[in-house]
Amino acid sequence: MRKRSIVIALFLACSAGLYADQGTTAAAFLKLDNSPRAQAMGDAFTGVADDVSALQYNVGGLGFITQKQFILIHTVWFLDMFYDYGAVVWPTEHLGTIGFSLFYLNGGTFDGYDTNFNSTGQFTASSLYGSLAYSHKILDFLTAGLNIKMLQETIAGSSTSGVAVDLGALYKTPIPKLSLGVSFNNLGPSLGFSEAFSLPVNTRFGIGYKPQDNVVLGMDYIQPIETYGIWSVGGEYGYRDTLFVRMGYKYQGSIDVNQTYAGYGPAVASGLNMGLGLKLYKIYYADYAYSPYGFLGTTHHFSLTVKF
């Protein structure tokens, strides 16, 4: 049980990337992915940002959305950890697009110990945020957006709260089907319990390209505040506007050999993402993403999106 608690605590600190020099910021849950479609594409979505997932990756992309959209996501994380996410975006004719989202992470049950290593029983941990977003067309080919998130973390009955802001823009270039995106995520004051730490500020630059109606390609450069930059590439192929196949890869300058353990595959696989999507009755989209994390195992992400 104690080993299990250590693994969970370590993963909470490193949440999204599993790189050795991560874990020095607060509110690590803000780095978790909330879109199976985007995650299956390796998170290369800043320059694409063409659906409700733009709320997380590039809020500026919401300004080009013309349909109302609603998404529900459930992620099976490690051991007994899971998180849920829901969001809705509502475009208007003249006032731009409004978005709302709600996130909840159940961190599972931990074993507690006092300073003398005597057991104090078990305790739980959780994190949540709610957000309000707005995006508007500045020009016919350029949008900008803002997303304000109210945060709360709770552990063993103690809680802390704060606020974070996302800024983003999406530019449709003169080159047909090519778009550029930029996003600044998790801007805000420090957060913590007995000691405050910086939020996990993230800067993203992305390219999106749709050479055909059924093909989407993306490439992102992601710069976290606390560690080396990440390159992400990915794509999506749609068969008869019904079945969608996706794959992507995230690379942070080196392959972590610590991810190589007997029975868990090569270390390089820890950056691989893949997934499937299914369009039903023209308005329903069911998506799934699969992500391996070496010796920690794999994660599974499921979502249902409605566009109307």
# chains A, B, ... in the order shown; residues from 1 in each chain; ligands from 1
call {"tool": "residues_around", "arguments": {"residues": "stretch 129-136 of chain A", "least_positions_apart": "6", "cutoff": "6 Å", "atoms": "only C-alpha atoms", "output": "PyMOL selection string"}}
result
chain A and resi 60+62-63+96-103+143-151
call {"tool": "write_last_selection", "arguments": {"atoms": "C-alpha atoms", "output": "PDB file, in the first residue's frame"}}
result
ATOM      1  CA  GLY A  60      -8.886  31.546 -29.777  1.00  0.00           C
ATOM      2  CA  LEU A  62     -13.592  28.965 -30.599  1.00  0.00           C
ATOM      3  CA  GLY A  63     -14.174  32.115 -32.663  1.00  0.00           C
ATOM      4  CA  GLY A  96     -18.655  35.805 -30.632  1.00  0.00           C
ATOM      5  CA  THR A  97     -18.476  32.402 -28.944  1.00  0.00           C
ATOM      6  CA  ILE A  98     -19.012  31.670 -25.258  1.00  0.00           C
ATOM      7  CA  GLY A  99     -17.703  28.521 -23.553  1.00  0.00           C
ATOM      8  CA  PHE A 100     -18.078  26.822 -20.171  1.00  0.00           C
ATOM      9  CA  SER A 101     -16.174  23.874 -18.713  1.00  0.00           C
ATOM     10  CA  LEU A 102     -15.944  21.852 -15.508  1.00  0.00           C
ATOM     11  CA  PHE A 103     -13.115  19.498 -14.501  1.00  0.00           C
ATOM     12  CA  THR A 143      -9.703  35.200 -33.834  1.00  0.00           C
ATOM     13  CA  ALA A 144      -8.637  35.742 -30.228  1.00  0.00           C
ATOM     14  CA  GLY A 145      -9.985  34.328 -26.993  1.00  0.00           C
ATOM     15  CA  LEU A 146      -9.852  34.378 -23.202  1.00  0.00           C
ATOM     16  CA  ASN A 147     -10.571  31.591 -20.705  1.00  0.00           C
ATOM     17  CA  ILE A 148     -10.813  32.230 -16.927  1.00  0.00           C
ATOM     18  CA  LYS A 149     -10.526  29.217 -14.592  1.00  0.00           C
ATOM     19  CA  MET A 150     -11.410  29.057 -10.904  1.00  0.00           C
ATOM     20  CA  LEU A 151      -9.278  26.363  -9.216  1.00  0.00           C
TER      21      LEU A 151
END
call {"tool": "select_by_dssp", "arguments": {"residues": "stretch 50-204 of chain A", "states": "strand (DSSP E)", "output": "number ranges by chain"}}
result
A: 69-76, 82-91, 97-113, 119-139, 142-155, 158-172, 178-187, 191-192, 196-197, 202-204
call {"tool": "residues_around", "arguments": {"residues": "A:Asn58", "least_positions_apart": "2", "cutoff": "8 Å", "atoms": "only C-alpha atoms", "output": "PyMOL selection string"}}
result
chain A and resi 45-47+49+54-56+60-62+167-170+181-183
call {"tool": "residues_around", "arguments": {"residues": "A:Gly218", "least_positions_apart": "6", "cutoff": "7 Å", "atoms": "only C-alpha atoms", "output": "list in words"}}
result
Ala44, Phe45, Gly47, Val48, Ile207, Gly208, Tyr209, Val233, Gly234 and Gly235 of chain A
call {"tool": "write_last_selection", "arguments": {"atoms": "C-alpha atoms", "output": "mmCIF file, in the first residue's frame"}}
result
data_model
loop_
_atom_site.group_PDB
_atom_site.id
_atom_site.type_symbol
_atom_site.label_atom_id
_atom_site.label_comp_id
_atom_site.auth_asym_id
_atom_site.auth_seq_id
_atom_site.Cartn_x
_atom_site.Cartn_y
_atom_site.Cartn_z
ATOM 1 C CA ALA A 44 -0.700 18.725 -31.797
ATOM 2 C CA PHE A 45 -3.876 20.787 -31.723
ATOM 3 C CA GLY A 47 -3.048 25.245 -34.885
ATOM 4 C CA VAL A 48 -6.121 23.058 -35.507
ATOM 5 C CA ILE A 207 0.470 24.663 -37.215
ATOM 6 C CA GLY A 208 -2.683 23.052 -38.555
ATOM 7 C CA TYR A 209 -3.118 21.806 -42.119
ATOM 8 C CA VAL A 233 3.127 15.929 -34.272
ATOM 9 C CA GLY A 234 -0.045 14.105 -35.195
ATOM 10 C CA GLY A 235 -2.831 13.573 -37.628
#
call {"tool": "closest_residue", "arguments": {"among": "A:Gln252, A:Ser126, A:Thr66, A:Asn186", "to": "A:Trp231", "atoms": "only C-alpha atoms"}}
result
A:Gln252
call {"tool": "residues_around", "arguments": {"residues": "stretch 275-288 of chain A", "least_positions_apart": "6", "cutoff": "8 Å", "atoms": "only C-alpha atoms", "output": "list in words"}}
result
Pro36, Arg37, Ala40, Met41, Asp241, Thr242, Leu243, Phe244, Val245, Arg246, Met247, His300, His301, Phe302, Ser303, Leu304, Thr305, Val306, Lys307 and Phe308 of chain A
call {"tool": "atom_distance", "arguments": {"atom1": "atom CA of A:Phe184", "atom2": "atom CA of A:Val163"}}
result
14.5 Å
call {"tool": "atom_distance", "arguments": {"atom1": "atom CA of A:Asn273", "atom2": "atom CA of A:Val52"}}
result
20.0 Å
call {"tool": "atom_distance", "arguments": {"atom1": "atom CA of A:Thr25", "atom2": "atom CA of A:Phe197"}}
result
5.5 Å
